[in-house]
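Some notes on the structure that comes next.
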Amino acid sequence: MKIKAFVLVFFLLASFNAAAEKFEYEYGGTLRGLAGYNFLAQTYQSGQNRFHAPLYGDVKNAFSYHFNEDMFLKISAGLKAKTGSNLDNFNQGRWGEEVYGQFSSAYGDFYIGQMPNTATMLGVTRPNLPIWQPAPAELVDFINNPNWQQHNRRKYYNTLTSTAVDTDGSSFKFSYLTPEFAGTTLAVTYTPENNTNDSLTSKFSPYYKESAYSITLYNQHSFDFGDTEIYFTFADFEKSHQEYAGGISFYRKGWTAFASYRQTEITGHDFPIATQNVSANMPAYFDGFRNGYAWNAGLAYEWALVTSTISYFESQSDDTQAANRIINWHTSIKPYKHLGFYFGMGYADFRAGKMQNESGNRGGFGYAGAEISF
């Protein structure tokens with residue numbers, strides 16, 4: 001009944017010209033399908049399927065009210081899901097939601113709800129580029145990574161999966177971004193409980209419901225010779241660990257060079273890395289990501305309808321020496337704004353850490369696919 005009442009009120013308000021100027025409804029979605037084949041090293045051919053066909057989709061809706069040109073209130077809700085993947089990393093495993101509110105004014109932007117933290121929002125490299133961001137978790141759909149495992153109740157992240165500070169996933173949080181001044185934005189996020197399934201933290205860990213906060217400084221600037229973006233982030237996860245991250249990108253005449261780095265450490269916190277098997281859900285070093293590093297570097301080029309990028313990603317756990325090295329060449333073609341085609345190839349070397357039952361994994365892979373948006 002509440003949903004029906006909301007829809008009725010919306011259409012009643014939208015029927016008036018005066019209200020139509022203030023109320024706005026937006027929606028969109030994406031459906032992406034990929035098919036890939038891997039060429040595993042002979043020593044690691046342990047019965048794994050060579051062919052993979054993952055499918056990803058998301059739907060977003062937003063309802064906003066504009067008080068004036070500089071002030072508005074927005075409520076956003078989105079759902080995303082996937083099939084055929086080797087990693088469950090959404091709120092409910094194979095699917096998840098983001099629901100949050102945004103209030104924007106001359107004094108800055110305020111967010112509340114389920115959403116990424118500001119460190120992740122501002123820590124991506126040129127988000128307007130239609131490329132596959134460096135080292136996404138989806139690459140393990142083509143070559144399984146023993147250091148990144150999440151199925152049902154088990155969660156094992158022995159190494160970092162990204163250079164973005166995404167440890168708290170889409171947990172409920174409060175965020176604030178200052179107004180931009182001289183191309184600079186300062187952002188803070190407070191997370192009362194780091195407790196969603198799409199975070200890196202296991203819900204069986206002793207620091208599962210502890211709070212976290214992050215501070216991010218972001219700057220973008222245009223010079224005569226090109227455009228730059230740079231960010232720095234500090235995050236503290238209570239009783240767990242601290243994180244430091246930064247990145248830079250440079251754009252000129254269709255070319256974009258980028259690099260970023262992330263460091264995690266547990267110095268001075270209450271809970272050390274788990275060195276023994278606690279349970280089937282918490283094997284030894286299931287939380288090795290809390291003490292390690294990750295970095296990436298790459299080069300992208302935009303030409304007409306085509307965007308192509310080559311990137312390198314590396315992460316390692318200081319305690320286990322488990323490591324991931326991925327080189328990925330990815331190209332997208334968008335003949336129409338609602339239609340895109342993807343193809344690429346890469347090489348991965350996943351080295352398992354000590355006290356880990358599974359061996360590592362190494363080999364090459366190739367993939368192709370299409371994306372429809374609306």
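As shown in the structure tokens, the chain order sets the letters A, B, ...; within each chain, residues go from 1, and ligands are also counted from 1 in the order they appear.
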When you look at Asn197 in chain A with a cut-off of 10 Å (counting only C-alpha atoms), what residues show up, excluding the ones that are within fewer than 5 positions of it in the same chain? I need them as a PyMOL selection string. chain A and resi 88-93+96+150+152-153+155+168-171+202-203
Determine, counting only C-alpha atoms, which protein, DNA and RNA residues have an atom within 9 Å of an atom of range 30-42 of chain A; residues of the same chain fewer than 5 positions away are not included. Present the result as a ChimeraX atom specification. /A:48-60,141-143,338,340,342-343,345,361-374
Restricting the output to C-alpha atoms, write the selected residues as a PDB file, in the first residue's frame.
ATOM      1  CA  GLN A  48      38.310 -25.921 -13.938  1.00  0.00           C
ATOM      2  CA  ASN A  49      35.952 -24.954 -16.719  1.00  0.00           C
ATOM      3  CA  ARG A  50      37.686 -23.173 -19.572  1.00  0.00           C
ATOM      4  CA  PHE A  51      34.556 -21.418 -20.854  1.00  0.00           C
ATOM      5  CA  HIS A  52      32.684 -18.792 -18.847  1.00  0.00           C
ATOM      6  CA  ALA A  53      29.654 -16.658 -19.756  1.00  0.00           C
ATOM      7  CA  PRO A  54      28.831 -14.228 -16.908  1.00  0.00           C
ATOM      8  CA  LEU A  55      25.882 -11.837 -17.135  1.00  0.00           C
ATOM      9  CA  TYR A  56      25.548  -8.558 -15.213  1.00  0.00           C
ATOM     10  CA  GLY A  57      22.615  -6.170 -14.906  1.00  0.00           C
ATOM     11  CA  ASP A  58      21.550  -3.138 -12.901  1.00  0.00           C
ATOM     12  CA  VAL A  59      18.523  -0.852 -12.708  1.00  0.00           C
ATOM     13  CA  LYS A  60      18.536   2.621 -11.143  1.00  0.00           C
ATOM     14  CA  ASP A 141      35.165 -15.189 -13.725  1.00  0.00           C
ATOM     15  CA  PHE A 142      37.716 -16.208 -16.357  1.00  0.00           C
ATOM     16  CA  ILE A 143      40.536 -17.424 -14.113  1.00  0.00           C
ATOM     17  CA  HIS A 338      22.644   2.769 -25.672  1.00  0.00           C
ATOM     18  CA  GLY A 340      28.281  -1.097 -26.597  1.00  0.00           C
ATOM     19  CA  TYR A 342      33.514  -5.241 -25.560  1.00  0.00           C
ATOM     20  CA  PHE A 343      36.449  -7.472 -26.219  1.00  0.00           C
ATOM     21  CA  MET A 345      42.394 -10.380 -23.265  1.00  0.00           C
ATOM     22  CA  ASN A 361      46.423 -20.200 -10.593  1.00  0.00           C
ATOM     23  CA  ARG A 362      48.046 -18.815 -13.711  1.00  0.00           C
ATOM     24  CA  GLY A 363      47.148 -18.382 -17.365  1.00  0.00           C
ATOM     25  CA  GLY A 364      45.724 -16.216 -20.116  1.00  0.00           C
ATOM     26  CA  PHE A 365      42.156 -15.415 -21.034  1.00  0.00           C
ATOM     27  CA  GLY A 366      40.113 -13.723 -23.737  1.00  0.00           C
ATOM     28  CA  TYR A 367      36.548 -12.446 -23.760  1.00  0.00           C
ATOM     29  CA  ALA A 368      33.940 -10.643 -25.842  1.00  0.00           C
ATOM     30  CA  GLY A 369      30.489  -9.302 -25.099  1.00  0.00           C
ATOM     31  CA  ALA A 370      27.858  -6.617 -25.473  1.00  0.00           C
ATOM     32  CA  GLU A 371      26.106  -4.056 -23.281  1.00  0.00           C
ATOM     33  CA  ILE A 372      22.675  -2.490 -23.599  1.00  0.00           C
ATOM     34  CA  SER A 373      21.744   0.575 -21.582  1.00  0.00           C
ATOM     35  CA  PHE A 374      18.542   2.584 -21.256  1.00  0.00           C
TER      36      PHE A 374
END
Give me the residues near range 182-195 of chain A as a ChimeraX atom specification, where near means some atom within 6 Å (using only C-alpha atoms) and where sequence neighbours in that chain fewer than 2 positions away do not count. /A:117,168,171,173-178,180,209-221
Keeping only N, CA and C atoms, write those residues as a CSV table (one decimal), in the first residue's frame.
chain,number,residue,atom,x,y,z
A,117,ASN,N,31.4,4.6,-0.3
A,117,ASN,CA,31.9,5.7,0.5
A,117,ASN,C,32.5,6.8,-0.5
A,168,ASP,N,34.2,-1.2,3.1
A,168,ASP,CA,32.9,-1.3,3.7
A,168,ASP,C,31.8,-1.4,2.7
A,171,SER,N,27.6,-0.6,2.8
A,171,SER,CA,27.0,-0.5,4.1
A,171,SER,C,26.3,0.9,4.3
A,173,LYS,N,25.7,4.4,5.5
A,173,LYS,CA,26.7,5.4,5.9
A,173,LYS,C,26.2,6.8,5.7
A,174,PHE,N,26.9,7.7,6.3
A,174,PHE,CA,26.7,9.2,6.1
A,174,PHE,C,27.9,9.8,5.4
A,175,SER,N,27.7,10.6,4.4
A,175,SER,CA,28.8,11.2,3.7
A,175,SER,C,28.5,12.7,3.4
A,176,TYR,N,29.6,13.4,3.3
A,176,TYR,CA,29.5,14.8,3.0
A,176,TYR,C,30.7,15.2,2.1
A,177,LEU,N,30.3,16.0,1.1
A,177,LEU,CA,31.3,16.5,0.1
A,177,LEU,C,31.2,18.0,0.1
A,178,THR,N,32.3,18.7,0.4
A,178,THR,CA,32.3,20.2,0.4
A,178,THR,C,32.1,20.7,-1.0
A,180,GLU,N,33.0,22.6,-4.4
A,180,GLU,CA,34.3,22.6,-5.1
A,180,GLU,C,34.9,24.0,-5.0
A,209,LYS,N,30.9,-5.6,13.2
A,209,LYS,CA,29.9,-4.5,13.3
A,209,LYS,C,30.6,-3.2,13.9
A,210,GLU,N,31.9,-3.1,13.7
A,210,GLU,CA,32.5,-1.9,14.2
A,210,GLU,C,32.4,-0.8,13.2
A,211,SER,N,32.6,0.4,13.6
A,211,SER,CA,32.4,1.6,12.7
A,211,SER,C,33.6,1.9,11.9
A,212,ALA,N,33.5,2.8,11.0
A,212,ALA,CA,34.6,3.2,10.1
A,212,ALA,C,34.4,4.6,9.6
A,213,TYR,N,35.5,5.3,9.3
A,213,TYR,CA,35.3,6.6,8.6
A,213,TYR,C,36.5,6.8,7.6
A,214,SER,N,36.3,7.7,6.7
A,214,SER,CA,37.3,8.0,5.7
A,214,SER,C,37.3,9.5,5.3
A,215,ILE,N,38.4,10.0,5.0
A,215,ILE,CA,38.6,11.4,4.6
A,215,ILE,C,39.3,11.4,3.2
A,216,THR,N,38.8,12.1,2.3
A,216,THR,CA,39.3,12.1,0.9
A,216,THR,C,39.5,13.5,0.4
A,217,LEU,N,40.6,13.8,-0.2
A,217,LEU,CA,40.9,15.1,-0.8
A,217,LEU,C,41.1,14.8,-2.3
A,218,TYR,N,40.3,15.6,-3.1
A,218,TYR,CA,40.2,15.3,-4.6
A,218,TYR,C,40.4,16.7,-5.3
A,219,ASN,N,41.2,16.6,-6.3
A,219,ASN,CA,41.4,17.9,-7.1
A,219,ASN,C,41.5,17.5,-8.6
A,220,GLN,N,40.8,18.4,-9.4
A,220,GLN,CA,40.9,18.3,-10.8
A,220,GLN,C,41.3,19.7,-11.4
A,221,HIS,N,42.2,19.7,-12.4
A,221,HIS,CA,42.6,21.0,-12.9
A,221,HIS,C,42.9,20.8,-14.4
What's around Gln263 in chain A at 7 Å? Count only C-alpha atoms, leave out sequence neighbours fewer than 4 positions away in its own chain, and write the answer as a compact mmCIF listing (two decimals) with C-alpha atoms, in the first residue's frame.
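Final output, saved to part.txt:
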# COMPACT_ATOMS: atom_id res chain seq x y z
CA GLU A 243 44.08 2.38 4.98
CA TYR A 244 45.95 4.92 2.88
CA ALA A 245 45.31 5.44 -0.83
CA GLY A 292 49.10 -5.47 2.45
CA TYR A 293 49.15 -3.25 -0.60
CA ALA A 294 47.76 -2.87 -4.11
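Counting from CA of Ile112 in chain A, the distance to CA of Leu73 in chain A is 11.6 Å.
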In range 209-368 of chain A, DSSP strand (DSSP E) residues written as a PyMOL selection string: chain A and resi 212-223+226-237+241-252+255-265+292-303+306-317+323-336+339-351+361-368
Hey, can you check how far CA of Arg154 in chain A sits from CA of Thr118 in chain A?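 Computing it gives 27.6 Å between the two atoms.
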Which neighbours of range 62-70 of chain A fall inside 6 Å, counting only C-alpha atoms, when residues of the same chain fewer than 3 positions from it are skipped, and could you give them as a list in words?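 Surrounding residues, per the criterion: Lys22, Phe23, Glu24, Tyr25, Glu26, Leu73, Lys74, Ile75, Ser76 and Ser105 of chain A.
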Identify all residues of range 87-216 of chain A in helix (DSSP H, G or I) (DSSP on the backbone) and supply them as a VMD selection string. chain A and resid 118 to 122 137 to 141
